[in-house]
file target06.tsv (TSV, C-alpha atoms and all ligand atoms)
chain	number	residue	atom	x	y	z
A	1	MET	CA	-3.50	-20.91	12.29
A	2	ASN	CA	-1.00	-18.50	10.79
A	3	GLY	CA	1.64	-18.17	8.04
A	4	PHE	CA	0.69	-19.67	4.71
A	5	ASP	CA	-0.82	-22.95	5.83
A	6	ASP	CA	-4.06	-22.16	4.08
A	7	PRO	CA	-3.44	-19.87	1.12
A	8	ALA	CA	-7.17	-19.71	0.38
A	9	VAL	CA	-7.73	-17.99	3.72
A	10	LEU	CA	-4.43	-16.34	4.51
A	11	GLY	CA	-2.01	-14.29	2.41
A	12	SER	CA	-0.85	-16.36	-0.54
A	13	ASP	CA	2.70	-17.07	-1.69
A	14	ALA	CA	1.97	-15.09	-4.84
A	15	VAL	CA	1.15	-11.99	-2.81
A	16	ARG	CA	4.18	-12.60	-0.60
A	17	ALA	CA	6.39	-12.81	-3.70
A	18	ASN	CA	4.96	-9.61	-5.12
A	19	ILE	CA	5.73	-7.49	-2.07
A	20	THR	CA	9.41	-8.36	-1.87
A	21	LYS	CA	11.88	-6.24	-3.79
A	22	PRO	CA	10.97	-6.82	-7.44
A	23	SER	CA	13.53	-8.33	-9.80
A	24	PHE	CA	12.61	-6.09	-12.74
A	25	ALA	CA	14.76	-3.35	-11.15
A	26	ARG	CA	17.56	-4.94	-13.24
A	27	SER	CA	16.03	-3.53	-16.43
A	28	ARG	CA	15.53	-0.05	-14.99
A	29	PRO	CA	16.11	2.71	-17.57
A	30	SER	CA	18.70	5.42	-16.97
A	31	GLN	CA	17.80	8.78	-15.41
A	32	ALA	CA	18.47	10.42	-18.82
A	33	GLU	CA	15.87	8.11	-20.38
A	34	ALA	CA	13.39	8.90	-17.60
A	35	GLU	CA	13.93	12.64	-18.11
A	36	ALA	CA	13.40	12.27	-21.89
A	37	ALA	CA	10.09	10.51	-21.16
A	38	VAL	CA	9.01	13.44	-18.97
A	39	ARG	CA	9.85	15.89	-21.78
A	40	THR	CA	7.70	13.78	-24.11
A	41	LEU	CA	4.78	13.94	-21.68
A	42	ILE	CA	5.17	17.72	-21.29
A	43	SER	CA	4.93	18.06	-25.08
A	44	TRP	CA	1.97	15.67	-25.14
A	45	ALA	CA	0.24	17.85	-22.53
A	46	GLY	CA	0.69	20.82	-24.85
A	47	ASP	CA	3.59	22.75	-23.34
A	48	ASP	CA	7.17	23.40	-24.45
A	49	PRO	CA	9.77	21.40	-22.46
A	50	ALA	CA	12.42	23.87	-23.69
A	51	ARG	CA	10.89	26.94	-22.08
A	52	PRO	CA	12.92	28.18	-19.08
A	53	GLY	CA	10.34	27.34	-16.41
A	54	LEU	CA	10.26	23.70	-17.51
A	55	LEU	CA	13.97	23.08	-18.12
A	56	ASP	CA	14.65	21.52	-14.70
A	57	THR	CA	11.27	19.83	-14.45
A	58	PRO	CA	12.31	16.44	-15.91
A	59	SER	CA	15.11	16.01	-13.35
A	60	ARG	CA	12.76	17.13	-10.55
A	61	VAL	CA	10.14	14.64	-11.69
A	62	ALA	CA	12.74	11.85	-11.80
A	63	ARG	CA	13.77	12.72	-8.22
A	64	ALA	CA	10.13	12.84	-7.15
A	65	TYR	CA	9.59	9.39	-8.67
A	66	GLU	CA	12.45	8.08	-6.50
A	67	GLU	CA	10.38	9.12	-3.47
A	68	TRP	CA	6.91	8.30	-4.73
A	69	PHE	CA	7.94	4.80	-5.84
A	70	ARG	CA	10.47	4.05	-3.12
A	71	GLY	CA	8.45	0.98	-2.20
A	72	TYR	CA	9.95	-0.97	-5.09
A	73	LYS	CA	13.30	-0.88	-3.29
A	74	GLU	CA	11.89	-2.12	0.00
A	75	ASP	CA	10.60	-5.35	1.44
A	76	PRO	CA	7.81	-4.72	3.98
A	77	VAL	CA	8.31	-8.15	5.52
A	78	GLU	CA	11.95	-7.29	6.26
A	79	LEU	CA	10.82	-4.00	7.85
A	80	LEU	CA	8.49	-5.92	10.15
A	81	GLU	CA	10.96	-8.59	11.17
A	82	ARG	CA	12.51	-6.53	14.00
A	83	THR	CA	10.28	-7.78	16.77
A	84	PHE	CA	10.25	-7.68	20.58
A	85	ASP	CA	9.37	-10.76	22.58
A	86	GLU	CA	9.33	-9.34	26.13
A	87	ILE	CA	5.58	-8.83	26.14
A	88	GLY	CA	4.67	-10.88	29.19
A	89	SER	CA	1.47	-12.80	28.56
A	90	TYR	CA	-0.04	-10.07	26.36
A	91	SER	CA	-2.11	-11.64	23.61
A	92	GLU	CA	-4.90	-9.11	23.05
A	93	ALA	CA	-5.23	-7.13	19.85
A	94	VAL	CA	-2.59	-4.57	18.95
A	95	GLU	CA	-4.23	-1.89	16.81
A	96	LEU	CA	-2.82	1.10	14.96
A	97	HIS	CA	-5.46	3.39	13.50
A	98	GLY	CA	-5.35	6.35	11.17
A	99	ILE	CA	-2.16	5.68	9.20
A	100	ARG	CA	-2.29	8.25	6.38
A	101	PHE	CA	-0.64	7.22	3.12
A	102	HIS	CA	-0.19	8.36	-0.45
A	103	SER	CA	-0.21	5.88	-3.31
A	104	PHE	CA	-0.80	5.80	-7.06
A	105	CYS	CA	-3.40	3.87	-8.99
A	106	GLU	CA	-1.93	1.54	-11.55
A	107	HIS	CA	-4.58	2.37	-14.16
A	108	HIS	CA	-4.01	6.13	-14.44
A	109	MET	CA	-0.98	6.77	-12.20
A	110	ALA	CA	-3.23	9.22	-10.38
A	111	GLY	CA	-2.84	9.79	-6.65
A	112	ILE	CA	-4.60	7.71	-4.02
A	113	GLU	CA	-4.94	9.47	-0.66
A	114	GLY	CA	-5.95	7.15	2.10
A	115	THR	CA	-5.95	5.98	5.67
A	116	ALA	CA	-5.13	2.48	6.85
A	117	HIS	CA	-6.20	0.80	10.07
A	118	ILE	CA	-4.32	-2.27	11.27
A	119	ALA	CA	-4.71	-4.86	14.00
A	120	TYR	CA	-3.02	-8.13	14.85
A	121	LEU	CA	-3.19	-10.67	17.64
A	122	PRO	CA	0.38	-11.29	18.79
A	123	VAL	CA	1.77	-14.69	19.58
A	124	GLY	CA	4.77	-14.17	21.84
A	125	ARG	CA	6.15	-11.09	20.05
A	126	VAL	CA	5.21	-7.67	18.81
A	127	VAL	CA	6.70	-5.26	16.31
A	128	GLY	CA	7.69	-1.63	16.93
A	129	ILE	CA	4.60	0.39	15.99
A	130	SER	CA	6.48	2.62	13.56
A	131	LYS	CA	7.25	-0.50	11.52
A	132	LEU	CA	3.54	-1.03	10.89
A	133	ALA	CA	3.33	2.46	9.38
A	134	ARG	CA	6.57	1.81	7.44
A	135	ALA	CA	5.09	-1.40	6.03
A	136	VAL	CA	2.05	0.56	4.83
A	137	GLU	CA	4.36	3.10	3.17
A	138	SER	CA	6.43	0.37	1.57
A	139	CYS	CA	3.36	-1.25	-0.03
A	140	ALA	CA	1.74	2.10	-0.90
A	141	ARG	CA	4.71	3.65	-2.69
A	142	ARG	CA	4.17	1.52	-5.75
A	143	LEU	CA	1.57	1.42	-8.51
A	144	GLN	CA	-1.40	-0.17	-6.82
A	145	ILE	CA	-5.03	-1.01	-6.78
A	146	GLN	CA	-6.49	-0.61	-3.34
A	147	GLU	CA	-7.60	-4.21	-2.99
A	148	ARG	CA	-4.07	-5.52	-3.58
A	149	LEU	CA	-2.55	-2.85	-1.34
A	150	THR	CA	-4.84	-4.02	1.46
A	151	ASP	CA	-3.95	-7.65	0.84
A	152	GLU	CA	-0.20	-6.98	0.69
A	153	ILE	CA	-0.13	-5.12	4.01
A	154	ALA	CA	-2.03	-7.94	5.74
A	155	THR	CA	0.17	-10.59	4.12
A	156	ALA	CA	3.38	-8.82	5.14
A	157	ILE	CA	2.27	-8.60	8.79
A	158	ASP	CA	1.19	-12.23	8.73
A	159	ALA	CA	4.47	-13.41	7.20
A	160	ALA	CA	6.70	-11.43	9.57
A	161	LEU	CA	4.85	-11.85	12.87
A	162	LYS	CA	2.98	-15.16	12.50
A	163	PRO	CA	0.16	-13.74	14.63
A	164	ARG	CA	-3.18	-15.38	15.45
A	165	GLY	CA	-4.92	-12.97	13.12
A	166	VAL	CA	-4.46	-9.80	11.09
A	167	ALA	CA	-7.00	-7.15	10.12
A	168	VAL	CA	-6.44	-4.33	7.66
A	169	VAL	CA	-8.99	-1.77	6.54
A	170	ILE	CA	-8.23	1.01	4.10
A	171	GLU	CA	-10.39	3.96	3.11
A	172	ALA	CA	-9.11	6.11	0.27
A	173	GLU	CA	-9.98	8.72	-2.29
A	174	HIS	CA	-8.78	8.07	-5.82
A	175	GLY	CA	-7.58	11.01	-7.93
A	176	CYS	CA	-8.60	9.20	-11.09
A	177	MET	CA	-12.21	9.37	-9.88
A	178	THR	CA	-12.14	12.91	-8.48
A	179	SER	CA	-9.92	15.03	-10.76
A	180	ARG	CA	-10.97	13.29	-13.99
A	181	GLY	CA	-13.45	10.76	-15.35
A	182	ILE	CA	-16.62	10.61	-13.30
A	183	ARG	CA	-15.36	13.40	-10.93
A	184	ALA	CA	-17.06	11.83	-7.94
A	185	HIS	CA	-15.67	14.21	-5.34
A	186	GLY	CA	-15.59	12.82	-1.82
A	187	ALA	CA	-16.26	9.21	-2.89
A	188	ARG	CA	-14.16	6.86	-0.74
A	189	LEU	CA	-13.31	3.26	-1.50
A	190	VAL	CA	-13.23	1.00	1.56
A	191	THR	CA	-11.38	-2.34	1.41
A	192	ARG	CA	-10.57	-4.85	4.08
A	193	ARG	CA	-8.52	-8.01	4.53
A	194	MET	CA	-9.12	-10.26	7.52
A	195	LEU	CA	-6.75	-13.15	8.18
A	196	GLY	CA	-6.88	-15.94	10.76
A	197	ALA	CA	-9.00	-15.16	13.84
A	198	TYR	CA	-10.27	-11.91	12.30
A	199	GLY	CA	-11.72	-13.92	9.42
A	200	GLU	CA	-13.33	-16.43	11.75
A	201	ASP	CA	-14.52	-14.38	14.74
A	202	GLU	CA	-17.26	-11.90	13.96
A	203	THR	CA	-17.09	-10.25	17.41
A	204	LEU	CA	-13.35	-9.64	17.11
A	205	ARG	CA	-13.81	-8.25	13.60
A	206	GLY	CA	-16.69	-6.05	14.77
A	207	GLU	CA	-14.59	-4.61	17.63
A	208	PHE	CA	-11.79	-3.76	15.24
A	209	LEU	CA	-14.10	-2.17	12.68
A	210	ALA	CA	-15.82	-0.11	15.38
A	211	ALA	CA	-12.47	1.12	16.70
A	212	ALA	CA	-11.53	2.04	13.12
A	213	GLY	CA	-14.69	4.14	12.92
A	214	PHE	CA	-16.85	1.87	10.77
B	1	LIG	N1	-11.27	-1.84	-8.02
B	1	LIG	C1	-10.48	-0.78	-8.18
B	1	LIG	N2	-10.65	0.00	-9.24
B	1	LIG	C2	-9.83	1.07	-9.36
B	1	LIG	C3	-8.86	1.39	-8.44
B	1	LIG	N3	-8.25	2.53	-8.86
B	1	LIG	C4	-8.84	2.87	-10.00
B	1	LIG	N4	-9.81	2.01	-10.33
B	1	LIG	C5	-10.74	1.93	-11.47
B	1	LIG	O1	-10.09	1.31	-12.55
B	1	LIG	C6	-10.95	1.43	-13.67
B	1	LIG	C7	-10.18	1.49	-14.96
B	1	LIG	O2	-11.19	1.41	-15.93
B	1	LIG	P1	-11.04	1.73	-17.47
B	1	LIG	O3	-12.42	1.70	-18.07
B	1	LIG	O4	-10.00	0.83	-18.06
B	1	LIG	O5	-10.44	3.21	-17.46
B	1	LIG	P2	-11.15	4.59	-17.83
B	1	LIG	O6	-11.72	4.53	-19.19
B	1	LIG	O7	-10.16	5.68	-17.57
B	1	LIG	O8	-12.34	4.61	-16.77
B	1	LIG	P3	-13.11	5.84	-16.07
B	1	LIG	O9	-12.34	6.17	-14.81
B	1	LIG	O10	-14.45	5.30	-15.75
B	1	LIG	O11	-13.12	7.00	-17.01
B	1	LIG	C8	-11.81	2.66	-13.38
B	1	LIG	O12	-13.13	2.22	-13.17
B	1	LIG	C9	-11.21	3.22	-12.07
B	1	LIG	O13	-12.18	3.86	-11.27
B	1	LIG	C10	-8.70	0.53	-7.33
B	1	LIG	O14	-7.85	0.71	-6.46
B	1	LIG	N5	-9.53	-0.54	-7.25
B	2	ZN	ZN	-7.08	5.12	-11.61
call {"tool": "encode", "arguments": {"input": "target06.tsv", "output": "structure tokens", "more": "lines below"}}
Ligand SMILES: Nc1nc2c(ncn2[C@@H]2O[C@H](COP(=O)(O)OP(=O)(O)OP(=O)(O)O)[C@@H](O)[C@H]2O)c(=O)[nH]1
Ligand SMILES: [Zn+2]
result
Amino acid sequence: MNGFDDPAVLGSDAVRANITKPSFARSRPSQAEAEAAVRTLISWAGDDPARPGLLDTPSRVARAYEEWFRGYKEDPVELLERTFDEIGSYSEAVELHGIRFHSFCEHHMAGIEGTAHIAYLPVGRVVGISKLARAVESCARRLQIQERLTDEIATAIDAALKPRGVAVVIEAEHGCMTSRGIRAHGARLVTRRMLGAYGEDETLRGEFLAAAGF
């Protein structure tokens, strides 16, 4: 089983819709408005946005936001759709481990530093491995909670490749829990999404988790 035949088990249409390029980009404020907002936050933090060292900061922050939130301009499914079908009779798991990423939590806009591990069981085609890492980046460079990030990566792979199964595990440290609040340094959140055969086959799932270091 693959695709969206069973939304209760596999990635749902709602998740699929969320990871495509969002339509709210139409109402995007201007760069001048973004820079004014940064000046407001500098004042709120207690500093003077007019002092020389901070004069260029709003435009730098706006440029940094273009990078940090680049994911809103991308569609991870599109990135994954360039596939190769000359794979002989290969149908074993394809696994990519240790994909480092940087994201932002949607509650505090604090950094999330994490590592993703991915596996899928190809049916007649595979994707270039860099595209798996690009799909992680595309989903991560948005405001996220880790559970949804995990789900979106799995759903994107499932939608693009129609494999027999997809497994995604993410371990990450959340800045909102380490630099503020409870200050639980070193605490890591682990989330996983198992679709198709990975949801059904405990042995397969166990092999993947062991290879991912769990
Ligand atoms: N499940 C989940 N929770 C997250 C994630 N990122 C941040 N959070 C949590 O989101 C919650 C937001 O809770 P609130 O009580 O509204 O915010 P807060 O008062 O700043 O909470 P504290 O962090 O406990 O000070 C916090 O418990 C965060 O730890 C995530 O990716 N997944
Ligand atoms: Zn947070």
call {"tool": "residues_near_ligand", "arguments": {"input": "target06.tsv", "ligand": "ligand LIG 1 (chain B)", "cutoff": "10 Å", "atoms": "only C-alpha atoms and all ligand atoms", "output": "PyMOL selection string"}}
result
chain A and resi 103-112+143-150+172-178+180-184+189-191
call {"tool": "closest_residue", "arguments": {"input": "target06.tsv", "among": "A:Arg205, A:Lys162, A:His185, A:Lys131", "to": "Asp75 (chain A)", "atoms": "all atoms listed in the file"}}
result
A:Lys131
call {"tool": "atom_distance", "arguments": {"input": "target06.tsv", "atom1": "CA of Arg100 (chain A)", "atom2": "CA of Glu78 (chain A)"}}
result
21.1 Å
call {"tool": "closest_residue", "arguments": {"input": "target06.tsv", "among": "A:Thr155, A:Thr115, A:Ser27, A:Ser179", "to": "ligand ZN 2 (chain B)", "atoms": "only C-alpha atoms and all ligand atoms"}}
result
A:Ser179
call {"tool": "closest_residue", "arguments": {"input": "target06.tsv", "among": "A:Phe214, A:Arg63, A:Glu113, A:Asp158", "to": "ligand ZN 2 (chain B)", "atoms": "only C-alpha atoms and all ligand atoms"}}
result
A:Glu113
call {"tool": "atom_distance", "arguments": {"input": "target06.tsv", "atom1": "CA of Ala62 (chain A)", "atom2": "CA of Ser43 (chain A)"}}
result
16.6 Å
call {"tool": "atom_distance", "arguments": {"input": "target06.tsv", "atom1": "CA of Pro76 (chain A)", "atom2": "CA of Tyr198 (chain A)"}}
result
21.2 Å
call {"tool": "residues_around", "arguments": {"input": "target06.tsv", "residues": "region 133-137 of chain A", "least_positions_apart": "5", "cutoff": "9 Å", "atoms": "all atoms listed in the file", "output": "JSON list (two decimals) with C-alpha atoms, keeping the file's coordinate frame"}}
result
[["chain", "number", "residue", "atom", "x", "y", "z"],
["A", 70, "ARG", "CA", 10.47, 4.05, -3.12],
["A", 71, "GLY", "CA", 8.45, 0.98, -2.20],
["A", 75, "ASP", "CA", 10.60, -5.35, 1.44],
["A", 76, "PRO", "CA", 7.81, -4.72, 3.98],
["A", 77, "VAL", "CA", 8.31, -8.15, 5.52],
["A", 79, "LEU", "CA", 10.82, -4.00, 7.85],
["A", 80, "LEU", "CA", 8.49, -5.92, 10.15],
["A", 96, "LEU", "CA", -2.82, 1.10, 14.96],
["A", 99, "ILE", "CA", -2.16, 5.68, 9.20],
["A", 100, "ARG", "CA", -2.29, 8.25, 6.38],
["A", 101, "PHE", "CA", -0.64, 7.22, 3.12],
["A", 102, "HIS", "CA", -0.19, 8.36, -0.45],
["A", 103, "SER", "CA", -0.21, 5.88, -3.31],
["A", 116, "ALA", "CA", -5.13, 2.48, 6.85],
["A", 149, "LEU", "CA", -2.55, -2.85, -1.34],
["A", 150, "THR", "CA", -4.84, -4.02, 1.46],
["A", 152, "GLU", "CA", -0.20, -6.98, 0.69],
["A", 153, "ILE", "CA", -0.13, -5.12, 4.01],
["A", 156, "ALA", "CA", 3.38, -8.82, 5.14],
["A", 157, "ILE", "CA", 2.27, -8.60, 8.79]]
call {"tool": "residues_around", "arguments": {"input": "target06.tsv", "residues": "Ala167 (chain A)", "least_positions_apart": "6", "cutoff": "7 Å", "atoms": "all atoms listed in the file", "output": "list in words"}}
result
Ile118, Ala119, Tyr120, Ala154, Arg193, Met194, Leu195 and Tyr198 of chain A
call {"tool": "closest_residue", "arguments": {"input": "target06.tsv", "among": "A:Ile87, A:Ala32, A:Ile129, A:Ala212", "to": "Val61 (chain A)", "atoms": "only C-alpha atoms"}}
result
A:Ala32
call {"tool": "closest_residue", "arguments": {"input": "target06.tsv", "among": "A:Leu121, A:Val169, A:Val127, A:Glu74", "to": "Ala93 (chain A)", "atoms": "all atoms listed in the file"}}
result
A:Leu121
call {"tool": "closest_residue", "arguments": {"input": "target06.tsv", "among": "A:Arg164, A:Asp201, A:Ile170, A:Ser138", "to": "Glu92 (chain A)", "atoms": "only C-alpha atoms"}}
result
A:Arg164
call {"tool": "decode", "arguments": {"input": "target06.tsv", "residues": "region 41-72 of chain A", "atoms": "C-alpha atoms", "output": "PDB file, in the first residue's frame"}}
result
ATOM      1  CA  LEU A  41      12.002  44.109  18.626  1.00  0.00           C
ATOM      2  CA  ILE A  42      15.426  45.672  19.239  1.00  0.00           C
ATOM      3  CA  SER A  43      13.725  48.440  21.253  1.00  0.00           C
ATOM      4  CA  TRP A  44      11.606  45.849  23.070  1.00  0.00           C
ATOM      5  CA  ALA A  45      14.801  43.972  23.989  1.00  0.00           C
ATOM      6  CA  GLY A  46      16.116  47.183  25.535  1.00  0.00           C
ATOM      7  CA  ASP A  47      18.609  48.488  22.983  1.00  0.00           C
ATOM      8  CA  ASP A  48      18.635  51.499  20.660  1.00  0.00           C
ATOM      9  CA  PRO A  49      18.031  50.595  16.983  1.00  0.00           C
ATOM     10  CA  ALA A  50      19.532  53.989  16.030  1.00  0.00           C
ATOM     11  CA  ARG A  51      22.965  53.328  17.498  1.00  0.00           C
ATOM     12  CA  PRO A  52      25.626  52.798  14.802  1.00  0.00           C
ATOM     13  CA  GLY A  53      26.266  49.110  15.527  1.00  0.00           C
ATOM     14  CA  LEU A  54      22.592  48.286  15.009  1.00  0.00           C
ATOM     15  CA  LEU A  55      21.801  50.457  11.977  1.00  0.00           C
ATOM     16  CA  ASP A  56      22.285  47.679   9.404  1.00  0.00           C
ATOM     17  CA  THR A  57      20.914  44.939  11.641  1.00  0.00           C
ATOM     18  CA  PRO A  58      17.281  45.082  10.424  1.00  0.00           C
ATOM     19  CA  SER A  59      18.309  44.558   6.784  1.00  0.00           C
ATOM     20  CA  ARG A  60      20.690  41.752   7.824  1.00  0.00           C
ATOM     21  CA  VAL A  61      17.922  40.083   9.818  1.00  0.00           C
ATOM     22  CA  ALA A  62      15.540  40.352   6.854  1.00  0.00           C
ATOM     23  CA  ARG A  63      18.171  38.700   4.623  1.00  0.00           C
ATOM     24  CA  ALA A  64      18.778  36.016   7.247  1.00  0.00           C
ATOM     25  CA  TYR A  65      15.031  35.333   7.365  1.00  0.00           C
ATOM     26  CA  GLU A  66      15.099  34.737   3.590  1.00  0.00           C
ATOM     27  CA  GLU A  67      17.545  31.879   4.278  1.00  0.00           C
ATOM     28  CA  TRP A  68      16.119  30.569   7.526  1.00  0.00           C
ATOM     29  CA  PHE A  69      12.577  30.398   6.126  1.00  0.00           C
ATOM     30  CA  ARG A  70      13.417  29.478   2.545  1.00  0.00           C
ATOM     31  CA  GLY A  71      11.246  26.392   2.932  1.00  0.00           C
ATOM     32  CA  TYR A  72       8.090  28.442   2.393  1.00  0.00           C
TER      33      TYR A  72
END
